[in-house]
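Working notes, beginning with the structure itself.
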Amino acid sequence: MKSVFLLQWQRFRRAPILVLAMFLLTVVFVFFIAGIHSTNQLTVYTYSHESLGEEERDAWLDMLNESDVFHFEWMEESEARNAVATGEVSLALQLMEEDYRILLAAEEQTRYIVDNYVNQVFMEELRLREIENSGVGIDFRSDVTQAMEEPVLTVTSSSIEGVDGSFIHDERLQVLFGMTLFFVIYTILFSLMNVAEEKKWGTWNRLIVSPLRKWEVYLGHLLYCFMIGYAQIIVVFLLFQQVLGFDLGNRYGTMLVIIGCYTFAIVSLGMLLIGLVRTSQQLQAIIPIVATAIAMLGGAFWPIEIVTNDIMLLLSKGMPIFYAMDTLKGAAIYDYSVLDMVTPLSFMVLFGVVCMGVGINLMERR
Amino acid sequence: MLETEELRKIFKGKTAVDGVNLYMDKGESIGLLGPNGAGKSTTISMISSLVKPTSGDVRLHGRSIIKDPTNMRQVLGVVPQEIALYEELTAYENLKFFGRIYGLRGKLLESKVQEVIELVGLKDRQKEVVTTYSGGMKRRVNMAAAMLHEPEILIMDEPTVGIDPQSRSHILETVRELNQKKGLAVLYTSHYMEEVERLCDRVYIMDHGRVIASGTKEELKSILSGEETILIDLDRQHPKLFKELEGNKSILQALETEKGLKLIVPKGSRLLGTVFQIAERHHAQILNVNVQIPTLEDVFLHLTGRKLRD
């Protein structure tokens with residue numbers, strides 16, 4: 001087993017381009033999509049309807065700008081419309097008297113996140129105003145503020161979602177986790193192509209008729225692919241945490257376990273694919289399809305929380321990347337307990353065991 | 001030392017090997033002869049424990065290797081038909097790896113690598129990556145990789161396919177030397193008659209998955225002891241002439257060759273005159289006539305009605 005494992009590293013040293021390319025692609029994508037934002041705040045160009053007075057407009061802006069995630073920047077309607085039309089921004093917000101509109105250039109994930117947040121602010125404010133207008137008392141608002149600052153009792157609850165059904169969106173971590181988990185699929189699956197190629201070249205048969213046990217040959221390959229994938233994720237995470245200051249929290253042990261479970265699931269998926277296809281050319285053709293489908297369905301490209309289609313949500317539950325994203329965010333943002341992580345981690349391991357079993361079985365039958 | 005009993009392999013309803021019985025003694029050199037698709041490779045795959053037979057048995061020193069191939073794998077060296085090497089590595093690195101999987105380590109591994117690399121004549125180029133080698137050189141490394149652990153049995157599956165005459169000669173000479181000087185038992189499959197004639201003590205002839213004849217070269221040739229072969233070189237191909245000769249009852253077998261015709265006729269049948277007359281009638285110009293004793297190729301033709309390379 002050790003000989004086969006070491007051989008893969010020797011081959012990697014001779015042809016490192018593929019793995020290094022995937023590593024660099026991850027870094028470049030994460031850097032340009034998330035890393036260049038020096039703050040976590042997303043700027044939303046905002047203009048107001050003529051019916052809205054200046055004072056009222058500023059009040060709404062102040063309320064909206066209480067967010068850590070968004071910065072609502074007021075400008076003239078023509079400027080905002082022009083920015084959307086030229087593609088400078090993907091959307092702009094129009095404030096109205098007791099309502100709002102979102103001007104969209106294209107349907108994309110930010111729209112749902114902005115809408116979610118603005119809707120929450122408007123609902124809260126309008127509810128307060130309604131109570132004030134009902135004659136409960138002029139000081140009702142200050143009473144509420146005071147009560148919020150000095151509550152009678154404090155309930156601490158933790159949930160996947162944020163306050164009032166919203167979720168905490170950290171653009172930078174979403175991109176870092178999503179892109180890293182996406183690109184590592186390529187690294188692992190392309191590395192696993194060694195198995196398919198060994199079968200094509202005949203070296204596999206040479207190993208089988210040697211005193212090596214078959215499981216040793218498999219394990220040598222799988223361990224190499226696991227380690228190369230595992231190392232890639234860790235190096236990318238460390239790079240962005242140490243160099244660009246991404247806040248990954250401090251639950252490093254938990255993250256290592258999550259990465260391990262995910263890497264195992266992807267290595268196993270690779271074995272299943274090798275078992276299903278007949279040639280390495282076929283494998284090369286399906287790797288991008290599988291990797292992209294898994295990443296799209298599993299919420300690597302956008303937060304799964306913004307997906308509303310039931311079928312898509314159901315499909316996402318079958319993707320290991322969904323559970324990896326969930327638990328990584330859980331460790332970095334939501335502070336999931338160990339108990340919260342048991343189910344998603346178990347799913348990844350189960351996914352891995354099933355794919356590995358079926359994949360090896362298919363390969364052996366051929 | 002090694003024997004097979006009623007070895008049979010059926011792939012998806014098609015019988016690839018059908019009841020093959022063969023044996024090999026220590027230090028013996030056995031040839032497995034047959035055209036493409038005869039079942040040679042499947043037979044040696046079963047013998048080398050790579051493929052499980054549908055039925056039958058393979059025994060090494062009287063013990064079945066079907067259930068437990070461990071002992072077989074320790075003493076077996078296999079030279080596959082394809083170049084089974086890691087082409088991005090050097091010959092030296094390849095051999096080191098293949099030595100390691102046979103449990104060789106340290107100085108012993110190093111000395112074995114140098115020994116086999118010298119044997120195949122690649123000492124000066126051992127540190128170059130395999131992709132830079134010619135086909136013949138790759139084949140030599142392919143063979144060297146099977147000899148590192150000093151196997152008792154060397155199975156070679158058409159090891160000289162598609163290589164230059166120099167490398168071919170080198171490989172054949174090396175195998176001959178290993179067999180005669182070191183007592184290595186060799187099971188050699190080929191559809192090149194001259195290689196088998198040169199290397200092997202005994203020959204099994206296979207066709208359509210079955211062994212159709214076996215014995216020493218002399219024993220096999222004696223099948224045709226009452227015949228002789230007439231090789232006729234013609235100015236060009238004459239299909240009508242061939243057809244007429246093929247239909248001639250005095251001629252046992254007729255075959256078109258690259259240069260003209262090959263006829264197997266009863267010994268002393270004095271058919272040359274008839275052949276010349278028929279050729280004259282078909283306006284065929286005879287360039288050369290050669291009468292010779294039968295070869296293994298002729299035996300194969302006699303047994304199957306086909307050429308070895310059909």
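Each chain in the structure tokens gets a letter, A, B, ..., in the order shown, and its residues are numbered from 1; ligands are numbered from 1 in order too.
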
Practice task
Pull out every residue of chain A that has at least one atom within 8 Å of chain B, counting only C-alpha atoms, and report them as a list in words.
Solution key: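 The answer, sorted by residue number, is Ser3, Leu7, Arg11, Arg14, Ala15, Trp201, Gly202, Thr203, Asn205, Arg206, Leu207, Ile208, Val209, Ser210, Pro211 and Leu212 of chain A.
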
Practice task
Any chance you could list, as number ranges by chain, the residues in segment 2-130 of chain A that come up helix (DSSP H, G or I) when DSSP is run on the backbone?
Solution key: A: 2-14, 17-35, 54-64, 77-85, 109-130

Problem - strand (DSSP E) per DSSP on the backbone: members of segment 23-127 of chain A, as number ranges by chain - result: A: 42-48, 70-74, 91-95, 100-104

Those same residues, written as a PDB file, in the first residue's frame with C-alpha atoms?
ATOM      1  CA  LEU A  42     -22.439  45.195   0.131  1.00  0.00           C
ATOM      2  CA  THR A  43     -23.270  48.637  -1.266  1.00  0.00           C
ATOM      3  CA  VAL A  44     -26.843  49.091  -2.471  1.00  0.00           C
ATOM      4  CA  TYR A  45     -27.566  52.175  -4.578  1.00  0.00           C
ATOM      5  CA  THR A  46     -30.730  53.742  -3.208  1.00  0.00           C
ATOM      6  CA  TYR A  47     -33.033  56.422  -4.576  1.00  0.00           C
ATOM      7  CA  SER A  48     -36.378  57.650  -3.403  1.00  0.00           C
ATOM      8  CA  PHE A  70     -25.271  46.203   3.635  1.00  0.00           C
ATOM      9  CA  HIS A  71     -24.510  49.847   3.021  1.00  0.00           C
ATOM     10  CA  PHE A  72     -27.420  51.756   1.446  1.00  0.00           C
ATOM     11  CA  GLU A  73     -26.052  54.722  -0.469  1.00  0.00           C
ATOM     12  CA  TRP A  74     -28.513  57.401  -1.577  1.00  0.00           C
ATOM     13  CA  LEU A  91     -29.701  46.233  -8.581  1.00  0.00           C
ATOM     14  CA  ALA A  92     -30.889  49.454  -6.957  1.00  0.00           C
ATOM     15  CA  LEU A  93     -33.439  50.118  -4.249  1.00  0.00           C
ATOM     16  CA  GLN A  94     -36.254  52.639  -4.568  1.00  0.00           C
ATOM     17  CA  LEU A  95     -37.675  53.872  -1.251  1.00  0.00           C
ATOM     18  CA  TYR A 100     -40.049  49.879  -1.644  1.00  0.00           C
ATOM     19  CA  ARG A 101     -39.145  48.558  -5.082  1.00  0.00           C
ATOM     20  CA  ILE A 102     -36.020  46.806  -6.335  1.00  0.00           C
ATOM     21  CA  LEU A 103     -34.745  47.749  -9.777  1.00  0.00           C
ATOM     22  CA  LEU A 104     -33.059  44.685 -11.254  1.00  0.00           C
TER      23      LEU A 104
END

Handout entry: His170 of chain B environment, 12 Å, only C-alpha atoms, sequence neighbours closer than 5 positions dropped, as a ChimeraX atom specification
Key = /B:118-122,136-137,139-141,143,159-160,163-165,175-177,195

Residues as selected, C-alpha atoms, written as a PDB file, in the first residue's frame, can you do that?
ATOM      1  CA  GLU B 118      22.072  -4.123 -17.551  1.00  0.00           C
ATOM      2  CA  LEU B 119      20.480  -7.330 -18.748  1.00  0.00           C
ATOM      3  CA  VAL B 120      18.134  -5.420 -21.049  1.00  0.00           C
ATOM      4  CA  GLY B 121      20.903  -3.097 -22.198  1.00  0.00           C
ATOM      5  CA  LEU B 122      19.598   0.221 -20.903  1.00  0.00           C
ATOM      6  CA  GLY B 136      11.729  -1.400 -28.397  1.00  0.00           C
ATOM      7  CA  MET B 137      13.331   0.202 -25.357  1.00  0.00           C
ATOM      8  CA  ARG B 139       9.429  -3.270 -24.276  1.00  0.00           C
ATOM      9  CA  ARG B 140      12.803  -4.052 -22.740  1.00  0.00           C
ATOM     10  CA  VAL B 141      11.935  -2.124 -19.557  1.00  0.00           C
ATOM     11  CA  MET B 143      10.370  -7.158 -19.491  1.00  0.00           C
ATOM     12  CA  PRO B 159       6.492  -9.314 -25.799  1.00  0.00           C
ATOM     13  CA  THR B 160       7.903  -8.380 -29.193  1.00  0.00           C
ATOM     14  CA  ILE B 163       9.305  -3.352 -32.187  1.00  0.00           C
ATOM     15  CA  ASP B 164      12.481  -3.023 -34.217  1.00  0.00           C
ATOM     16  CA  PRO B 165      14.492  -6.147 -35.143  1.00  0.00           C
ATOM     17  CA  VAL B 175      14.853 -14.824 -22.523  1.00  0.00           C
ATOM     18  CA  ARG B 176      16.908 -17.656 -23.964  1.00  0.00           C
ATOM     19  CA  GLU B 177      19.776 -16.830 -21.620  1.00  0.00           C
ATOM     20  CA  GLU B 195      10.253 -16.802 -32.084  1.00  0.00           C
TER      21      GLU B 195
END

Problem - Who sits within 12 Å of segment 239-254 of chain A, only C-alpha atoms, same chain under 2 positions skipped, as a ChimeraX atom specification - result: /A:23-24,26-32,34-40,170-177,180,231-237,256-261,324,327-342,345

Practice task
Calculate how many Å separate atom CA of Tyr230 of chain A from atom CA of Val277 of chain A, rounding to one decimal.
Solution key: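 Separating atom CA of Tyr230 of chain A from atom CA of Val277 of chain A is a distance of 25.1 Å.
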